[in-house]
Amino acid sequence: ELGIRIPRPLGHGPSRFIPEKETIQVGNEDAMMHALFADSFATLGRLDNVTLVMVFHPQYLESFLKTQHYLLQMDGPLPLHYRHYIGIMAAARHQCSYLVNLHVNDFLHVGGDPKWLNGLENAPQKLQNLGELNKMLAHRPWLITKEHIEQLLKTEENSWSLAELIHAVVLLTHYHSLASFTFGCGISPEIDCEGGHTFRPPSVSNYCICDITNGYHGVDEIHASPTGSIPVKSVCEVEALMEKMKQLQECRDEEEASQEEMATRFEREKRESMFVCSSEDEESAPTRDVSRHFEDTSYGYKDFSRHGMHVPTFRAQDYSWEDHGYSLVNRLYPDVGQLLDEKFHIAYNLTYNTMAMHKDVDTSMLRRAIWNYIHCMFGIRYDDYDYGEINQLLDRSFKVYIKTVVCTPEKTTKRMYDSFWRQFEHSEKVHVNLLLVEARMQAELLYALRAITRYMT
């Protein structure tokens with residue numbers, strides 16, 4: 001009546017992929033979740049949709065919030081506005097406007113210069129110099145060398161200190177992998193964010209425009225099975241997967257492959273991972289809104305053995321997080337190594353011993369296959385792992401989803417999310433995303449930290 005335009009939410013619930021009624025409703029949470037919501041609200045000034053989806057796994061969420069709070073707000077080598085600007089640069093590499101918008105607000109809130117937001121060329125030279133490392137970490141971390149590190153540390157008046165660089169690298173990898181989580185779980189923007197509201201009255205149909213742009217046309221609603229009934233094919237998938245795990249365990253107990261055979265299987269899996277490509281593989285041009293925060297917009301993910309390039313295998317026993325990366329980070333940026341280590345461990349070891357409708361299942365073999373497949377896509381090899389297990393446990397639609405979320409998250413669609421592990425709970429699919437996030441972050445960190453170590457020695 002007063003002519004004031006009233007915003008209405010564009011989506012339903014925190015995720016476009018998970019029906020709102022299946023997410024954890026605020027007000028119905030238990031005491032531990034309530035405390036986490038309060039922490040998140042106190043830290044971020046809002047209860048964001050990432051938190052509302054991550055809370056399926058409270059133990060992980062607690063570690064994640066603690067780490068993010070430390071990186072953004074506690075004492076550290078970088079000033080606060082630099083931290084948020086680096087978050088913007090990292091999220092923009094994957095066209096993740098959700099995270100970019102969040103950090104634009106935070107950047108201004110801590111006194112950042114609005115001019116920097118007109119484009120990376122308006123930011124200080126020191127931050128511009130970080131652009132090259134940002135794009136390589138996001139898309140082809142195996143190309144990072146000690147020379148790249150040297151350039152950042154030795155550029156006269158705009159040089160970075162080692163401690164600042166470690167802080168920046170951890171922030172870049174944190175936001176690249178958080179972009180993977182955001183797209184992989186179909187996180188919707190909050191009502192007060194760009195893309196989160198409309199001023200039009202509610203339409204007759206019950207799905208929103210953002211669903212259409214994400215390859216969802218409401219059709220699955222009609223063809224979905226009646227409530228409570230489970231498609232037979234999906235039940236068979238779960239049974240078949242459990243049977244394979246059992247057989248692999250028996251084979252493991254009986255005989256162990258030779259080192260040569262293990263190396264061959266790794267190379268085969270690495271080669272095969274190149275031919276797994278996102279089914280929706282059209283090029284999506286970044287919007288000016290996001291692309292102004294980074295340079296070289298055409299630079300994206302490329303498989304490491306394409307175009308005649310050969311990347312030497314990164315052997316985990318030569319440089320691992322546990323033996324090398326952890327201590328380097330902790331030495332130059334105290335406590336962060338500890339926080340990251342805890343977060344990696346929680347994601348990797350997290351289990352409720354369930355698989356879909358089955359209880360008391362040991363899922364360690366499956367979790368390890370997912371983690372090692374991601375590291376294999378990044379050229380990282382574990383000598384004591386039989387890569388033949390990956391093909392047995394991860395089917396093609398699952399591999400397409402993993403590779404898309406980890407390498408080109410902006411191309412993830414609801415169709416991909418729906419097509420893998422159809423009989424599993426949404427909480428289990430969110431758990432998969434946590435594994436993808438942490439394995440990706442660790443892989444990026446390993447390449448950057450190895451280059452820093454080589455520079456230092």
# chains A, B, ... in the order shown; residues from 1 in each chain; ligands from 1

call {"tool": "residues_around", "arguments": {"residues": "A:Ile18", "least_positions_apart": "5", "cutoff": "12 Å", "atoms": "only C-alpha atoms", "output": "ChimeraX atom specification"}}
result
/A:11-13,23-24,49,52-53,56,184-188,211,414,417-418,425-430

call {"tool": "write_last_selection", "arguments": {"atoms": "N, CA and C atoms", "output": "short mmCIF file (atom, residue, chain, number, x, y, z; two decimals), in the first residue's frame"}}
result
data_model
loop_
_atom_site.label_atom_id
_atom_site.label_comp_id
_atom_site.auth_asym_id
_atom_site.auth_seq_id
_atom_site.Cartn_x
_atom_site.Cartn_y
_atom_site.Cartn_z
N GLY A 11 14.54 -18.91 -3.81
CA GLY A 11 14.61 -20.36 -3.68
C GLY A 11 13.84 -20.82 -2.46
N HIS A 12 13.85 -22.13 -2.24
CA HIS A 12 13.20 -22.69 -1.05
C HIS A 12 14.28 -23.39 -0.23
N GLY A 13 14.64 -22.82 0.90
CA GLY A 13 15.64 -23.48 1.75
C GLY A 13 17.06 -23.14 1.34
N THR A 23 16.23 -30.61 5.08
CA THR A 23 17.36 -29.96 5.76
C THR A 23 17.00 -29.82 7.23
N ILE A 24 18.01 -29.47 8.04
CA ILE A 24 17.75 -29.34 9.48
C ILE A 24 17.12 -27.97 9.73
N ASN A 49 23.71 -19.93 4.57
CA ASN A 49 23.22 -21.20 4.03
C ASN A 49 24.29 -22.29 4.00
N LEU A 52 23.93 -23.89 7.29
CA LEU A 52 22.68 -24.66 7.39
C LEU A 52 22.75 -25.99 6.65
N VAL A 53 23.65 -26.10 5.67
CA VAL A 53 23.83 -27.39 4.98
C VAL A 53 24.93 -28.20 5.66
N PHE A 56 24.57 -30.80 8.85
CA PHE A 56 24.32 -32.25 8.78
C PHE A 56 25.44 -32.99 9.53
N GLY A 184 28.78 -27.63 -5.25
CA GLY A 184 28.51 -29.07 -5.13
C GLY A 184 27.25 -29.38 -4.35
N CYS A 185 26.89 -28.49 -3.41
CA CYS A 185 25.66 -28.68 -2.61
C CYS A 185 24.53 -27.78 -3.09
N GLY A 186 24.77 -27.04 -4.18
CA GLY A 186 23.72 -26.17 -4.71
C GLY A 186 23.27 -25.11 -3.72
N ILE A 187 24.23 -24.48 -3.00
CA ILE A 187 23.88 -23.49 -1.98
C ILE A 187 23.15 -22.29 -2.63
N SER A 188 22.00 -21.92 -2.08
CA SER A 188 21.24 -20.77 -2.58
C SER A 188 21.71 -19.50 -1.88
N ASP A 211 16.27 -22.42 -10.41
CA ASP A 211 16.29 -23.85 -10.71
C ASP A 211 16.44 -24.07 -12.20
N LYS A 414 22.12 -29.78 -10.84
CA LYS A 414 21.28 -30.64 -10.00
C LYS A 414 21.21 -32.05 -10.60
N TYR A 417 24.13 -34.01 -9.38
CA TYR A 417 23.97 -34.33 -7.96
C TYR A 417 22.97 -35.48 -7.79
N ASP A 418 21.89 -35.41 -8.54
CA ASP A 418 20.85 -36.45 -8.42
C ASP A 418 21.29 -37.79 -8.99
N GLU A 425 21.27 -40.96 1.55
CA GLU A 425 20.67 -39.78 2.20
C GLU A 425 21.39 -38.52 1.71
N HIS A 426 20.69 -37.39 1.79
CA HIS A 426 21.34 -36.11 1.44
C HIS A 426 22.53 -35.85 2.36
N SER A 427 22.40 -36.25 3.62
CA SER A 427 23.52 -36.01 4.55
C SER A 427 24.76 -36.77 4.08
N GLU A 428 24.57 -37.94 3.45
CA GLU A 428 25.72 -38.71 2.96
C GLU A 428 26.35 -38.03 1.74
N LYS A 429 25.49 -37.40 0.92
CA LYS A 429 26.03 -36.68 -0.24
C LYS A 429 26.77 -35.41 0.21
N VAL A 430 26.27 -34.78 1.27
CA VAL A 430 26.98 -33.61 1.82
C VAL A 430 28.33 -34.07 2.38
#

call {"tool": "residues_around", "arguments": {"residues": "stretch 253-263 of chain A", "least_positions_apart": "3", "cutoff": "7 Å", "atoms": "only C-alpha atoms", "output": "ChimeraX atom specification"}}
result
/A:249-250,266-267,386-387

call {"tool": "residues_around", "arguments": {"residues": "stretch 169-172 of chain A", "least_positions_apart": "4", "cutoff": "8 Å", "atoms": "only C-alpha atoms", "output": "list in words"}}
result
Leu71, Arg83, Ile86, Gly87, Met89, Ala90, Asn134, Leu137, Leu165, His176, Leu445 and Ala448 of chain A

call {"tool": "write_last_selection", "arguments": {"atoms": "all heavy atoms", "output": "PDB file, in the first residue's frame"}}
result
ATOM      1  N   LEU A  71      41.328 -17.721  10.400  1.00  0.00           N
ATOM      2  CA  LEU A  71      41.940 -17.182   9.174  1.00  0.00           C
ATOM      3  C   LEU A  71      41.497 -15.745   8.895  1.00  0.00           C
ATOM      4  O   LEU A  71      42.271 -14.939   8.390  1.00  0.00           O
ATOM      5  CB  LEU A  71      41.546 -18.038   7.960  1.00  0.00           C
ATOM      6  CG  LEU A  71      42.169 -19.432   7.863  1.00  0.00           C
ATOM      7  CD1 LEU A  71      41.564 -20.185   6.693  1.00  0.00           C
ATOM      8  CD2 LEU A  71      43.684 -19.331   7.709  1.00  0.00           C
ATOM      9  N   ARG A  83      42.619  -9.928   3.819  1.00  0.00           N
ATOM     10  CA  ARG A  83      42.107 -11.309   3.928  1.00  0.00           C
ATOM     11  C   ARG A  83      40.807 -11.462   3.131  1.00  0.00           C
ATOM     12  O   ARG A  83      40.637 -12.423   2.385  1.00  0.00           O
ATOM     13  CB  ARG A  83      41.857 -11.667   5.397  1.00  0.00           C
ATOM     14  CG  ARG A  83      43.108 -11.529   6.262  1.00  0.00           C
ATOM     15  CD  ARG A  83      42.805 -11.876   7.708  1.00  0.00           C
ATOM     16  NE  ARG A  83      43.850 -11.389   8.607  1.00  0.00           N
ATOM     17  CZ  ARG A  83      43.994 -11.766   9.862  1.00  0.00           C
ATOM     18  NH1 ARG A  83      43.136 -12.634  10.389  1.00  0.00           N
ATOM     19  NH2 ARG A  83      44.962 -11.287  10.622  1.00  0.00           N
ATOM     20  N   ILE A  86      41.439 -11.262  -0.630  1.00  0.00           N
ATOM     21  CA  ILE A  86      41.987 -12.521  -1.155  1.00  0.00           C
ATOM     22  C   ILE A  86      40.868 -13.560  -1.287  1.00  0.00           C
ATOM     23  O   ILE A  86      40.820 -14.327  -2.249  1.00  0.00           O
ATOM     24  CB  ILE A  86      43.142 -13.023  -0.249  1.00  0.00           C
ATOM     25  CG1 ILE A  86      44.363 -12.098  -0.401  1.00  0.00           C
ATOM     26  CG2 ILE A  86      43.522 -14.468  -0.583  1.00  0.00           C
ATOM     27  CD1 ILE A  86      45.466 -12.314   0.628  1.00  0.00           C
ATOM     28  N   GLY A  87      39.927 -13.543  -0.321  1.00  0.00           N
ATOM     29  CA  GLY A  87      38.747 -14.418  -0.427  1.00  0.00           C
ATOM     30  C   GLY A  87      37.948 -14.119  -1.689  1.00  0.00           C
ATOM     31  O   GLY A  87      37.493 -15.025  -2.394  1.00  0.00           O
ATOM     32  N   MET A  89      39.151 -12.691  -4.494  1.00  0.00           N
ATOM     33  CA  MET A  89      39.958 -13.129  -5.643  1.00  0.00           C
ATOM     34  C   MET A  89      39.835 -14.637  -5.871  1.00  0.00           C
ATOM     35  O   MET A  89      39.695 -15.102  -7.000  1.00  0.00           O
ATOM     36  CB  MET A  89      41.441 -12.797  -5.400  1.00  0.00           C
ATOM     37  CG  MET A  89      41.800 -11.334  -5.504  1.00  0.00           C
ATOM     38  SD  MET A  89      43.524 -11.023  -4.952  1.00  0.00           S
ATOM     39  CE  MET A  89      44.500 -11.892  -6.197  1.00  0.00           C
ATOM     40  N   ALA A  90      39.872 -15.398  -4.770  1.00  0.00           N
ATOM     41  CA  ALA A  90      39.846 -16.860  -4.880  1.00  0.00           C
ATOM     42  C   ALA A  90      38.476 -17.350  -5.349  1.00  0.00           C
ATOM     43  O   ALA A  90      38.374 -18.194  -6.253  1.00  0.00           O
ATOM     44  CB  ALA A  90      40.199 -17.489  -3.534  1.00  0.00           C
ATOM     45  N   ASN A 134      47.116 -17.407  -7.659  1.00  0.00           N
ATOM     46  CA  ASN A 134      45.697 -17.694  -7.473  1.00  0.00           C
ATOM     47  C   ASN A 134      45.167 -18.572  -8.610  1.00  0.00           C
ATOM     48  O   ASN A 134      44.518 -19.593  -8.390  1.00  0.00           O
ATOM     49  CB  ASN A 134      44.919 -16.362  -7.409  1.00  0.00           C
ATOM     50  CG  ASN A 134      43.414 -16.549  -7.223  1.00  0.00           C
ATOM     51  OD1 ASN A 134      42.952 -17.563  -6.698  1.00  0.00           O
ATOM     52  ND2 ASN A 134      42.643 -15.565  -7.652  1.00  0.00           N
ATOM     53  N   LEU A 137      46.863 -22.164  -8.595  1.00  0.00           N
ATOM     54  CA  LEU A 137      46.341 -22.976  -7.486  1.00  0.00           C
ATOM     55  C   LEU A 137      44.929 -23.462  -7.792  1.00  0.00           C
ATOM     56  O   LEU A 137      44.590 -24.621  -7.552  1.00  0.00           O
ATOM     57  CB  LEU A 137      46.304 -22.152  -6.197  1.00  0.00           C
ATOM     58  CG  LEU A 137      47.501 -22.198  -5.273  1.00  0.00           C
ATOM     59  CD1 LEU A 137      47.270 -21.238  -4.111  1.00  0.00           C
ATOM     60  CD2 LEU A 137      47.776 -23.591  -4.741  1.00  0.00           C
ATOM     61  N   LEU A 165      52.769 -14.864   2.934  1.00  0.00           N
ATOM     62  CA  LEU A 165      52.474 -15.737   1.788  1.00  0.00           C
ATOM     63  C   LEU A 165      51.761 -17.021   2.231  1.00  0.00           C
ATOM     64  O   LEU A 165      50.816 -17.469   1.582  1.00  0.00           O
ATOM     65  CB  LEU A 165      53.765 -16.065   1.031  1.00  0.00           C
ATOM     66  CG  LEU A 165      53.560 -16.849  -0.274  1.00  0.00           C
ATOM     67  CD1 LEU A 165      52.667 -16.086  -1.248  1.00  0.00           C
ATOM     68  CD2 LEU A 165      54.895 -17.170  -0.936  1.00  0.00           C
ATOM     69  N   HIS A 176      38.945 -21.563  -2.699  1.00  0.00           N
ATOM     70  CA  HIS A 176      38.738 -22.394  -3.896  1.00  0.00           C
ATOM     71  C   HIS A 176      37.892 -23.614  -3.516  1.00  0.00           C
ATOM     72  O   HIS A 176      36.939 -23.977  -4.207  1.00  0.00           O
ATOM     73  CB  HIS A 176      40.077 -22.892  -4.467  1.00  0.00           C
ATOM     74  CG  HIS A 176      40.945 -21.801  -5.004  1.00  0.00           C
ATOM     75  ND1 HIS A 176      42.324 -21.894  -5.057  1.00  0.00           N
ATOM     76  CD2 HIS A 176      40.648 -20.575  -5.520  1.00  0.00           C
ATOM     77  CE1 HIS A 176      42.831 -20.786  -5.573  1.00  0.00           C
ATOM     78  NE2 HIS A 176      41.833 -19.967  -5.858  1.00  0.00           N
ATOM     79  N   LEU A 445      47.366 -27.239  -1.398  1.00  0.00           N
ATOM     80  CA  LEU A 445      48.359 -26.838  -0.397  1.00  0.00           C
ATOM     81  C   LEU A 445      49.684 -27.564  -0.595  1.00  0.00           C
ATOM     82  O   LEU A 445      50.753 -26.965  -0.489  1.00  0.00           O
ATOM     83  CB  LEU A 445      47.844 -27.136   1.023  1.00  0.00           C
ATOM     84  CG  LEU A 445      46.983 -26.065   1.702  1.00  0.00           C
ATOM     85  CD1 LEU A 445      46.461 -26.585   3.035  1.00  0.00           C
ATOM     86  CD2 LEU A 445      47.779 -24.772   1.929  1.00  0.00           C
ATOM     87  N   ALA A 448      51.722 -25.977  -3.361  1.00  0.00           N
ATOM     88  CA  ALA A 448      52.224 -24.647  -2.988  1.00  0.00           C
ATOM     89  C   ALA A 448      53.311 -24.753  -1.915  1.00  0.00           C
ATOM     90  O   ALA A 448      54.362 -24.106  -2.008  1.00  0.00           O
ATOM     91  CB  ALA A 448      51.076 -23.778  -2.493  1.00  0.00           C
TER      92      ALA A 448
END

call {"tool": "closest_residue", "arguments": {"among": "A:His84, A:Lys302, A:Arg140, A:Lys246", "to": "A:Ala168", "atoms": "only C-alpha atoms"}}
result
A:His84

call {"tool": "closest_residue", "arguments": {"among": "A:Thr412, A:Thr145, A:Thr43, A:Ser63", "to": "A:Tyr455", "atoms": "only C-alpha atoms"}}
result
A:Thr145
